[in-house]
$ cat target-v8.tsv   # TSV, C-alpha atoms
chain	number	residue	atom	x	y	z
A	1	MET	CA	0.00	0.00	0.00
A	2	SER	CA	1.58	3.23	-1.07
A	3	ASN	CA	-1.07	5.81	-0.44
A	4	SER	CA	-3.13	6.22	2.70
A	5	ASN	CA	-5.99	7.35	0.49
A	6	ASP	CA	-6.99	3.82	-0.23
A	7	LEU	CA	-7.33	1.77	2.93
A	8	THR	CA	-9.28	-1.38	2.15
A	9	PRO	CA	-12.03	-2.49	4.56
A	10	LEU	CA	-9.74	-5.31	5.67
A	11	GLN	CA	-6.92	-2.87	6.40
A	12	SER	CA	-9.27	-0.60	8.38
A	13	ASP	CA	-10.48	-3.60	10.36
A	14	ALA	CA	-6.92	-4.66	11.11
A	15	LEU	CA	-5.98	-1.15	12.29
A	16	ARG	CA	-9.09	-1.09	14.50
A	17	GLU	CA	-8.19	-4.46	15.95
A	18	ILE	CA	-4.57	-3.66	16.79
A	19	THR	CA	-5.57	-0.25	18.16
A	20	ASN	CA	-8.06	-2.00	20.39
A	21	ILE	CA	-5.27	-4.13	21.87
A	22	GLY	CA	-3.12	-1.08	22.61
A	23	ALA	CA	-6.05	1.00	23.84
A	24	GLY	CA	-6.99	-1.78	26.25
A	25	HIS	CA	-3.59	-1.42	27.90
A	26	ALA	CA	-4.04	2.36	28.05
A	27	ALA	CA	-7.52	1.99	29.61
A	28	THR	CA	-6.14	-0.37	32.26
A	29	ALA	CA	-3.37	2.13	33.02
A	30	LEU	CA	-5.90	4.98	33.37
A	31	SER	CA	-8.16	2.86	35.52
A	32	GLN	CA	-5.31	1.94	37.90
A	33	LEU	CA	-4.02	5.48	38.01
A	34	LEU	CA	-7.38	6.97	38.96
A	35	GLY	CA	-8.80	4.02	40.91
A	36	THR	CA	-11.96	4.06	38.84
A	37	SER	CA	-13.35	1.83	36.14
A	38	ILE	CA	-12.84	2.99	32.58
A	39	SER	CA	-14.54	1.57	29.53
A	40	LEU	CA	-13.37	1.69	25.99
A	41	ASN	CA	-15.26	2.30	22.76
A	42	VAL	CA	-14.48	0.56	19.51
A	43	PRO	CA	-11.75	2.49	17.68
A	44	VAL	CA	-12.75	4.51	14.63
A	45	VAL	CA	-10.41	4.58	11.62
A	46	ASN	CA	-10.75	7.40	9.11
A	47	VAL	CA	-8.76	8.60	6.15
A	48	ALA	CA	-8.87	12.36	5.75
A	49	SER	CA	-7.14	15.11	3.86
A	50	PHE	CA	-5.34	17.75	5.92
A	51	GLN	CA	-8.31	20.06	5.27
A	52	ASN	CA	-10.88	17.68	6.70
A	53	ILE	CA	-9.48	16.11	9.83
A	54	ASN	CA	-12.53	15.93	12.05
A	55	LEU	CA	-12.87	13.87	15.15
A	56	THR	CA	-16.26	12.65	16.24
A	57	ASP	CA	-17.88	15.02	18.77
A	58	PHE	CA	-15.20	17.70	18.45
A	59	ASN	CA	-15.91	21.23	17.34
A	60	GLN	CA	-12.97	23.27	16.00
A	61	ASN	CA	-13.59	26.17	18.36
A	62	ASN	CA	-14.11	24.12	21.53
A	63	GLU	CA	-11.48	24.09	24.18
A	64	ILE	CA	-9.63	20.84	24.78
A	65	VAL	CA	-6.67	19.68	26.78
A	66	ALA	CA	-4.23	17.84	24.51
A	67	VAL	CA	-1.17	15.80	25.41
A	68	TYR	CA	1.01	15.20	22.38
A	69	LEU	CA	3.86	12.78	21.74
A	70	LYS	CA	5.86	12.32	18.57
A	71	VAL	CA	6.77	8.70	17.92
A	72	THR	CA	10.22	8.96	16.40
A	73	GLU	CA	11.16	5.30	16.08
A	74	GLY	CA	9.20	2.09	15.48
A	75	ILE	CA	5.52	2.85	14.91
A	76	THR	CA	6.35	6.38	13.83
A	77	GLY	CA	3.67	9.04	13.79
A	78	LYS	CA	1.88	11.37	16.16
A	79	ALA	CA	-0.04	10.33	19.25
A	80	LEU	CA	-2.45	12.49	21.20
A	81	PHE	CA	-4.59	12.14	24.26
A	82	LEU	CA	-7.46	14.63	24.42
A	83	PHE	CA	-9.62	15.51	27.40
A	84	ASP	CA	-12.47	17.96	27.65
A	85	PRO	CA	-11.64	20.59	30.31
A	86	LYS	CA	-14.13	19.15	32.85
A	87	SER	CA	-12.62	15.66	32.60
A	88	ALA	CA	-9.13	17.11	32.79
A	89	GLU	CA	-10.04	18.96	36.00
A	90	ARG	CA	-11.57	15.81	37.43
A	91	ILE	CA	-8.43	13.81	36.71
A	92	ALA	CA	-6.25	16.50	38.26
A	93	THR	CA	-8.54	16.50	41.31
A	94	LEU	CA	-8.41	12.70	41.66
A	95	LEU	CA	-4.62	12.95	41.57
A	96	HIS	CA	-4.66	15.74	44.22
A	97	ALA	CA	-3.03	18.04	41.69
A	98	MET	CA	-5.86	20.53	41.30
A	99	PRO	CA	-5.36	23.69	43.37
A	100	ASP	CA	-8.67	24.97	44.83
A	101	SER	CA	-8.40	28.57	43.79
A	102	GLN	CA	-6.84	28.24	40.38
A	103	GLU	CA	-8.03	27.52	36.89
A	104	LEU	CA	-6.66	24.45	35.21
A	105	VAL	CA	-4.94	26.39	32.45
A	106	SER	CA	-2.94	28.53	34.89
A	107	SER	CA	-1.95	25.71	37.21
A	108	ASP	CA	1.48	24.33	36.41
A	109	ILE	CA	1.01	21.44	38.79
A	110	ALA	CA	-2.31	20.37	37.24
A	111	LEU	CA	-0.96	20.68	33.70
A	112	SER	CA	2.16	18.78	34.60
A	113	ALA	CA	0.09	15.97	36.21
A	114	LEU	CA	-2.13	15.75	33.11
A	115	LYS	CA	0.89	15.72	30.84
A	116	GLU	CA	2.22	12.76	32.82
A	117	VAL	CA	-1.15	10.98	32.66
A	118	GLY	CA	-1.23	11.44	28.88
A	119	ASN	CA	2.36	10.25	28.67
A	120	ILE	CA	1.57	7.06	30.65
A	121	LEU	CA	-1.54	6.29	28.59
A	122	LEU	CA	0.09	6.89	25.23
A	123	GLY	CA	3.19	5.04	26.40
A	124	SER	CA	1.18	1.93	27.35
A	125	PHE	CA	-0.71	2.09	24.04
A	126	LEU	CA	2.50	2.34	22.02
A	127	ALA	CA	4.35	-0.26	24.11
A	128	ALA	CA	1.54	-2.76	23.51
A	129	LEU	CA	1.63	-2.13	19.76
A	130	ALA	CA	5.42	-2.33	19.66
A	131	GLU	CA	5.34	-5.62	21.54
A	132	PHE	CA	2.69	-7.00	19.22
A	133	PHE	CA	4.79	-6.16	16.19
A	134	GLY	CA	8.13	-6.98	17.80
A	135	LEU	CA	9.38	-3.44	17.25
A	136	LYS	CA	11.35	-1.01	19.34
A	137	PHE	CA	9.78	2.36	19.84
A	138	ASN	CA	11.01	5.74	20.85
A	139	VAL	CA	9.03	8.87	21.63
A	140	SER	CA	9.60	12.57	22.22
A	141	VAL	CA	8.98	14.07	25.64
A	142	PRO	CA	5.27	14.87	26.03
A	143	ALA	CA	3.91	18.36	25.40
A	144	ILE	CA	0.58	19.75	26.59
A	145	ALA	CA	-1.71	22.47	25.26
A	146	VAL	CA	-5.10	23.77	26.37
A	147	ASP	CA	-6.70	25.44	23.39
A	148	MET	CA	-9.15	25.26	20.49
A	149	THR	CA	-9.36	21.85	18.84
A	150	GLY	CA	-8.73	23.31	15.38
A	151	ALA	CA	-5.54	25.07	16.44
A	152	ILE	CA	-4.26	21.97	18.25
A	153	PHE	CA	-4.68	19.83	15.15
A	154	ASP	CA	-3.19	22.50	12.94
A	155	GLY	CA	-0.15	22.58	15.24
A	156	VAL	CA	0.16	18.78	15.27
A	157	MET	CA	-0.16	18.40	11.49
A	158	LEU	CA	2.45	21.09	10.85
A	159	ASP	CA	4.91	19.64	13.35
A	160	GLY	CA	7.54	17.72	11.41
A	161	GLU	CA	6.96	16.36	7.96
A	162	PHE	CA	3.70	17.50	6.38
A	163	SER	CA	1.35	15.12	4.65
A	164	ASP	CA	-1.73	15.88	2.54
A	165	ASP	CA	-3.51	12.71	3.68
A	166	TRP	CA	-3.82	11.31	7.15
A	167	VAL	CA	-5.03	8.09	8.65
A	168	VAL	CA	-6.76	9.05	11.89
A	169	ILE	CA	-7.32	6.33	14.49
A	170	GLU	CA	-9.52	7.48	17.32
A	171	THR	CA	-10.54	5.64	20.50
A	172	LYS	CA	-12.85	7.02	23.17
A	173	PHE	CA	-12.52	6.24	26.88
A	174	ASP	CA	-15.05	6.96	29.56
A	175	GLY	CA	-15.93	6.15	33.12
A	176	ASN	CA	-16.74	7.96	36.37
A	177	HIS	CA	-17.49	11.28	34.58
A	178	ILE	CA	-14.17	11.22	32.78
A	179	CYS	CA	-14.07	11.19	28.99
A	180	GLY	CA	-10.95	11.09	26.91
A	181	THR	CA	-10.03	10.42	23.31
A	182	MET	CA	-6.84	8.82	22.16
A	183	VAL	CA	-5.76	9.70	18.64
A	184	PHE	CA	-2.99	8.07	16.69
A	185	LEU	CA	-1.81	9.43	13.34
A	186	PRO	CA	0.64	6.91	11.91
A	187	ASP	CA	2.87	8.30	9.19
A	188	ASN	CA	2.99	6.59	5.82
A	189	ASN	CA	6.10	4.58	6.62
A	190	SER	CA	4.77	3.07	9.78
A	191	LEU	CA	1.37	2.47	8.22
A	192	ASN	CA	3.04	0.51	5.46
A	193	SER	CA	5.14	-1.52	7.88
A	194	LEU	CA	2.21	-2.25	10.22
A	195	LEU	CA	-0.02	-3.40	7.38
A	196	GLY	CA	2.90	-5.22	5.79
A	197	ALA	CA	3.59	-7.12	9.03
A	198	LEU	CA	-0.07	-8.19	9.04
A	199	GLY	CA	0.26	-9.36	5.45
A	200	LEU	CA	-2.16	-6.70	4.20
B	1	MET	CA	-24.49	39.90	6.23
B	2	ASN	CA	-23.01	36.57	5.23
B	3	VAL	CA	-20.22	34.89	7.12
B	4	LEU	CA	-17.93	32.96	4.81
B	5	ASN	CA	-15.79	30.27	6.35
B	6	VAL	CA	-12.28	29.96	4.92
B	7	GLY	CA	-10.88	26.43	5.37
B	8	MET	CA	-7.25	25.35	5.24
B	9	ALA	CA	-5.60	26.33	1.93
B	10	GLU	CA	-8.77	28.11	0.78
B	11	ILE	CA	-8.98	31.61	-0.68
B	12	LYS	CA	-12.21	33.61	-0.48
B	13	ILE	CA	-13.10	37.12	-1.56
B	14	THR	CA	-16.20	39.09	-0.74
B	15	THR	CA	-17.54	42.62	-0.38
B	16	ALA	CA	-19.23	44.58	2.40
B	17	PRO	CA	-21.17	43.79	4.52
B	18	ASP	CA	-19.89	40.20	4.55
B	19	CYS	CA	-17.37	38.73	6.96
B	20	LEU	CA	-14.62	36.20	6.34
B	21	VAL	CA	-13.85	33.76	9.14
B	22	THR	CA	-11.15	31.20	9.87
B	23	ASN	CA	-11.55	28.97	12.92
B	24	GLY	CA	-8.72	27.62	15.01
B	25	LEU	CA	-5.53	28.93	13.45
B	26	GLY	CA	-2.53	27.31	15.12
B	27	SER	CA	0.74	27.47	13.20
B	28	CYS	CA	-1.13	28.41	10.02
B	29	ILE	CA	-1.50	32.03	8.93
B	30	GLY	CA	-4.71	33.85	8.13
B	31	LEU	CA	-3.82	36.54	5.58
B	32	CYS	CA	-6.42	39.23	4.90
B	33	MET	CA	-6.27	41.79	2.11
B	34	TYR	CA	-8.47	44.85	1.77
B	35	ASP	CA	-9.31	47.56	-0.73
B	36	PRO	CA	-10.93	50.26	1.44
B	37	VAL	CA	-12.49	52.13	-1.48
B	38	ARG	CA	-14.20	49.12	-3.02
B	39	LYS	CA	-14.82	47.59	0.43
B	40	LEU	CA	-13.49	44.38	-1.02
B	41	GLY	CA	-11.87	41.87	1.34
B	42	GLY	CA	-10.03	38.62	0.76
B	43	MET	CA	-8.73	35.94	3.08
B	44	VAL	CA	-6.44	32.97	2.59
B	45	HIS	CA	-5.62	30.26	5.14
B	46	ILE	CA	-1.92	29.55	4.52
B	47	VAL	CA	-0.51	26.25	5.79
B	48	LEU	CA	3.19	26.17	4.87
B	49	PRO	CA	5.87	28.66	3.80
B	50	THR	CA	7.05	27.00	0.59
B	51	VAL	CA	6.18	24.11	-1.67
B	52	THR	CA	7.66	20.98	-0.12
B	53	GLY	CA	6.68	18.12	-2.38
B	54	LEU	CA	4.98	18.03	-5.73
B	55	ALA	CA	3.10	21.29	-6.08
B	56	ASP	CA	-0.61	20.85	-6.39
B	57	ARG	CA	-1.97	23.63	-8.58
B	58	ASP	CA	-5.42	23.37	-7.06
B	59	GLN	CA	-3.97	24.29	-3.71
B	60	GLY	CA	-2.43	27.69	-4.44
B	61	GLY	CA	-3.68	28.88	-1.07
B	62	LYS	CA	-1.65	26.30	0.81
B	63	TYR	CA	1.80	27.88	0.50
B	64	ALA	CA	2.85	31.44	1.33
B	65	VAL	CA	4.85	31.67	-1.91
B	66	THR	CA	1.81	30.91	-4.07
B	67	ALA	CA	-0.99	32.20	-1.84
B	68	VAL	CA	0.13	35.85	-1.66
B	69	PRO	CA	0.34	36.44	-5.45
B	70	LEU	CA	-2.85	34.44	-6.00
B	71	LEU	CA	-4.81	36.49	-3.47
B	72	VAL	CA	-3.53	39.71	-5.06
B	73	GLU	CA	-4.50	38.44	-8.50
B	74	LYS	CA	-8.00	37.51	-7.34
B	75	MET	CA	-8.48	40.84	-5.55
B	76	LEU	CA	-7.47	42.72	-8.71
B	77	GLY	CA	-9.76	40.45	-10.73
B	78	GLN	CA	-12.66	41.57	-8.53
B	79	GLY	CA	-11.91	45.22	-9.16
B	80	ALA	CA	-9.41	46.13	-6.44
B	81	THR	CA	-6.62	48.61	-7.18
B	82	LYS	CA	-3.17	47.38	-6.22
B	83	GLN	CA	-1.98	50.72	-4.77
B	84	ARG	CA	-4.87	50.65	-2.31
B	85	LEU	CA	-4.35	47.10	-1.03
B	86	VAL	CA	-3.38	46.61	2.59
B	87	ALA	CA	-2.76	43.32	4.39
B	88	LYS	CA	-3.28	42.00	7.91
B	89	ILE	CA	-2.10	38.67	9.28
B	90	ALA	CA	-2.76	36.49	12.32
B	91	GLY	CA	-1.64	33.04	13.46
B	92	GLY	CA	1.83	31.52	13.26
B	93	ALA	CA	1.80	30.12	16.80
B	94	GLU	CA	3.75	27.14	18.14
B	95	MET	CA	1.02	25.12	19.83
B	96	PHE	CA	3.40	22.69	21.54
B	97	SER	CA	6.84	23.37	22.85
B	98	PHE	CA	9.48	20.71	23.20
B	99	PRO	CA	12.56	21.51	25.26
B	100	GLY	CA	15.63	22.24	23.15
B	101	GLN	CA	13.70	22.36	19.90
B	102	ASP	CA	15.66	23.91	17.07
B	103	SER	CA	14.22	27.23	15.89
B	104	VAL	CA	14.44	25.91	12.31
B	105	LEU	CA	11.59	23.58	13.24
B	106	LYS	CA	9.37	26.41	14.43
B	107	ILE	CA	6.89	26.25	11.62
B	108	GLY	CA	4.58	29.01	12.91
B	109	LYS	CA	7.45	31.48	13.00
B	110	ARG	CA	8.63	30.40	9.55
B	111	ASN	CA	5.12	30.83	8.17
B	112	ALA	CA	4.82	34.36	9.58
B	113	GLU	CA	8.27	35.35	8.27
B	114	ALA	CA	7.56	33.95	4.81
B	115	VAL	CA	4.21	35.77	4.46
B	116	THR	CA	5.72	39.04	5.73
B	117	ALA	CA	8.66	38.83	3.32
B	118	ILE	CA	6.49	38.03	0.30
B	119	LEU	CA	4.11	40.87	1.10
B	120	ARG	CA	7.10	43.24	1.27
B	121	GLU	CA	8.40	41.98	-2.08
B	122	SER	CA	4.93	42.41	-3.57
B	123	GLY	CA	4.78	46.00	-2.32
B	124	ILE	CA	1.69	45.44	-0.18
B	125	PRO	CA	1.84	47.20	3.19
B	126	LEU	CA	1.28	45.04	6.25
B	127	ALA	CA	-1.11	47.18	8.26
B	128	ALA	CA	-1.34	44.90	11.29
B	129	ALA	CA	-0.14	41.54	12.54
B	130	ASP	CA	-0.98	39.36	15.53
B	131	VAL	CA	1.37	36.41	15.23
B	132	GLY	CA	3.40	34.03	17.40
B	133	GLY	CA	2.82	32.86	20.93
B	134	ASN	CA	1.63	29.40	21.90
B	135	PHE	CA	-2.11	29.78	21.47
B	136	GLY	CA	-4.74	29.33	18.79
B	137	ARG	CA	-6.71	32.11	17.14
B	138	THR	CA	-10.08	32.37	15.45
B	139	ILE	CA	-10.26	35.38	13.16
B	140	GLN	CA	-13.09	37.40	11.65
B	141	PHE	CA	-12.45	39.98	8.95
B	142	ASP	CA	-15.08	42.69	8.50
B	143	THR	CA	-15.20	43.92	4.90
B	144	ASN	CA	-17.18	46.98	6.00
B	145	THR	CA	-14.32	48.36	8.05
B	146	GLY	CA	-11.25	46.31	7.14
B	147	MET	CA	-10.86	45.44	10.82
B	148	LEU	CA	-9.73	42.00	11.87
B	149	LYS	CA	-11.10	40.55	15.11
B	150	VAL	CA	-8.78	38.00	16.76
B	151	LYS	CA	-10.36	35.71	19.33
B	152	THR	CA	-8.47	33.33	21.61
B	153	ILE	CA	-9.50	31.04	24.44
B	154	ASN	CA	-7.20	32.11	27.24
B	155	HIS	CA	-5.47	35.18	25.77
B	156	GLY	CA	-8.33	37.61	25.29
B	157	GLU	CA	-9.77	39.17	22.20
B	158	LYS	CA	-8.55	42.07	20.13
B	159	VAL	CA	-9.29	44.01	16.97
B	160	ILE	CA	-6.38	44.90	14.71
$ encode --input "target-v8.tsv" --output "structure tokens"
Amino acid sequence: MSNSNDLTPLQSDALREITNIGAGHAATALSQLLGTSISLNVPVVNVASFQNINLTDFNQNNEIVAVYLKVTEGITGKALFLFDPKSAERIATLLHAMPDSQELVSSDIALSALKEVGNILLGSFLAALAEFFGLKFNVSVPAIAVDMTGAIFDGVMLDGEFSDDWVVIETKFDGNHICGTMVFLPDNNSLNSLLGALGL
Amino acid sequence: MNVLNVGMAEIKITTAPDCLVTNGLGSCIGLCMYDPVRKLGGMVHIVLPTVTGLADRDQGGKYAVTAVPLLVEKMLGQGATKQRLVAKIAGGAEMFSFPGQDSVLKIGKRNAEAVTAILRESGIPLAAADVGGNFGRTIQFDTNTGMLKVKTINHGEKVI
């Protein structure tokens, strides 16, 4: 497969299936971290041009909290964990990292805790995938932003090599009034090697 | 009044009393051009400074190098006079910061510099700019007044 424009139904299914394995590890990590049960939705796989990257239930102007990791080796691409601000505050509160008199966005301790949560979740997702495929993986340090969804995605797409077409793999988590969305954007190389390893 | 939404790499031109809007600019640049006499306004949502791979001719609005001359051409085509054209820009942020990141990789900054330089070469005055920082912007350009409203989530709102 040379172009991400043409994922076959079988390829989409395979990506959904392997994402589900990795996301299961991430959900377990989140559940243990917060001491609450977390359930996982079936991953959604979409192919979109850079002009039309839309996640389900996200509006471009809405505020989100985004933790972003670049995967620089192995399953290369971009990985994000997104929380709505209410869920982010709830997580920070459960971790005793939410100061009473401060807003999330101006609290370094809350943002740093959330960044670490995102890092752990994305790390367990990627580690599970890497193990499944027998690959090494290496990631950047995590970065966090609290801003409009559109601007976050614009920033992510323009970070590093630019591509006109993107495969967007999205998995929703929820439980105990916490909702989160994990997004993985494999680059063309890793997409080809993942699908190649599966014989697709 | 109609509100026209300008998506990534799109170019749109309209006249008073319409507004041109781009939602959620991160590292991209929203470039607005205005002819105050004709009350004609144009906006392009620029994604990258220069053509990186195979240039796609349908996407002239994507790159600063092609978007600036194309917007000028379209403005003139709609009856604008070049001597009257003024430009305003917003965007060019770095949404995520990684420690020790090379400034060469700062795409928002490179976008803003490229658009500014090409405007200068084209002889179009840059009347106002709100660029940089680490936050997103939603912009609304009023073709009645030529004013550009810049909205952010945690960094206030201004009109330039």
$ residues_near_point --input "target-v8.tsv" --point "(7.7, 28.8, 17.8)" --cutoff "12 Å" --atoms "only C-alpha atoms" --output "PyMOL selection string"
(chain A and resi 155+158-159) or (chain B and resi 26-28+91-113+131-135)
$ interface_residues --input "target-v8.tsv" --of "chain A" --to "chain B" --cutoff "7 Å" --atoms "only C-alpha atoms" --output "mmCIF file with C-alpha atoms, in the frame of the given file"
data_model
loop_
_atom_site.group_PDB
_atom_site.id
_atom_site.type_symbol
_atom_site.label_atom_id
_atom_site.label_comp_id
_atom_site.auth_asym_id
_atom_site.auth_seq_id
_atom_site.Cartn_x
_atom_site.Cartn_y
_atom_site.Cartn_z
ATOM 1 C CA GLN A 51 -8.310 20.060 5.270
ATOM 2 C CA GLN A 60 -12.970 23.270 16.000
ATOM 3 C CA ASN A 61 -13.590 26.170 18.360
ATOM 4 C CA ALA A 143 3.910 18.360 25.400
ATOM 5 C CA ILE A 144 0.580 19.750 26.590
ATOM 6 C CA ALA A 145 -1.710 22.470 25.260
ATOM 7 C CA ASP A 147 -6.700 25.440 23.390
ATOM 8 C CA MET A 148 -9.150 25.260 20.490
ATOM 9 C CA THR A 149 -9.360 21.850 18.840
ATOM 10 C CA GLY A 150 -8.730 23.310 15.380
ATOM 11 C CA ALA A 151 -5.540 25.070 16.440
ATOM 12 C CA ILE A 152 -4.260 21.970 18.250
ATOM 13 C CA ASP A 154 -3.190 22.500 12.940
ATOM 14 C CA GLY A 155 -0.150 22.580 15.240
ATOM 15 C CA LEU A 158 2.450 21.090 10.850
#
$ atom_distance --input "target-v8.tsv" --atom1 "CA of Val117 (chain A)" --atom2 "CA of Gly175 (chain A)"
15.6 Å
$ atom_distance --input "target-v8.tsv" --atom1 "CA of Ala87 (chain B)" --atom2 "CA of Met33 (chain B)"
4.5 Å
$ atom_distance --input "target-v8.tsv" --atom1 "CA of Leu31 (chain B)" --atom2 "CA of Ile89 (chain B)"
4.6 Å
$ closest_residue --input "target-v8.tsv" --among "B:Gly30, B:Gly60, B:Gly123, B:Gly79" --to "Met43 (chain B)" --atoms "all atoms listed in the file"
B:Gly30
$ residues_around --input "target-v8.tsv" --residues "Ala66 (chain A)" --least-positions-apart "4" --cutoff "7 Å" --atoms "only C-alpha atoms" --output "PDB file with C-alpha atoms, in the coordinates of the input"
ATOM      1  CA  LEU A  80      -2.450  12.490  21.200  1.00  0.00           C
ATOM      2  CA  PHE A  81      -4.590  12.140  24.260  1.00  0.00           C
ATOM      3  CA  LEU A  82      -7.460  14.630  24.420  1.00  0.00           C
ATOM      4  CA  PHE A  83      -9.620  15.510  27.400  1.00  0.00           C
ATOM      5  CA  ILE A 144       0.580  19.750  26.590  1.00  0.00           C
ATOM      6  CA  ALA A 145      -1.710  22.470  25.260  1.00  0.00           C
ATOM      7  CA  VAL A 146      -5.100  23.770  26.370  1.00  0.00           C
TER       8      VAL A 146
END
$ closest_residue --input "target-v8.tsv" --among "A:Asp6, A:Asp164, A:Asp100, A:Glu63" --to "Gln59 (chain B)" --atoms "all atoms listed in the file"
A:Asp164
$ axis_aligned_box --input "target-v8.tsv" --around "region 132-147 of chain B" --padding-each-side "3 Å" --output "lines of an AutoDock Vina configuration file"
center_x = -6.9
center_y = 38.8
center_z = 13.4
size_x = 26.6
size_y = 25.0
size_z = 23.0
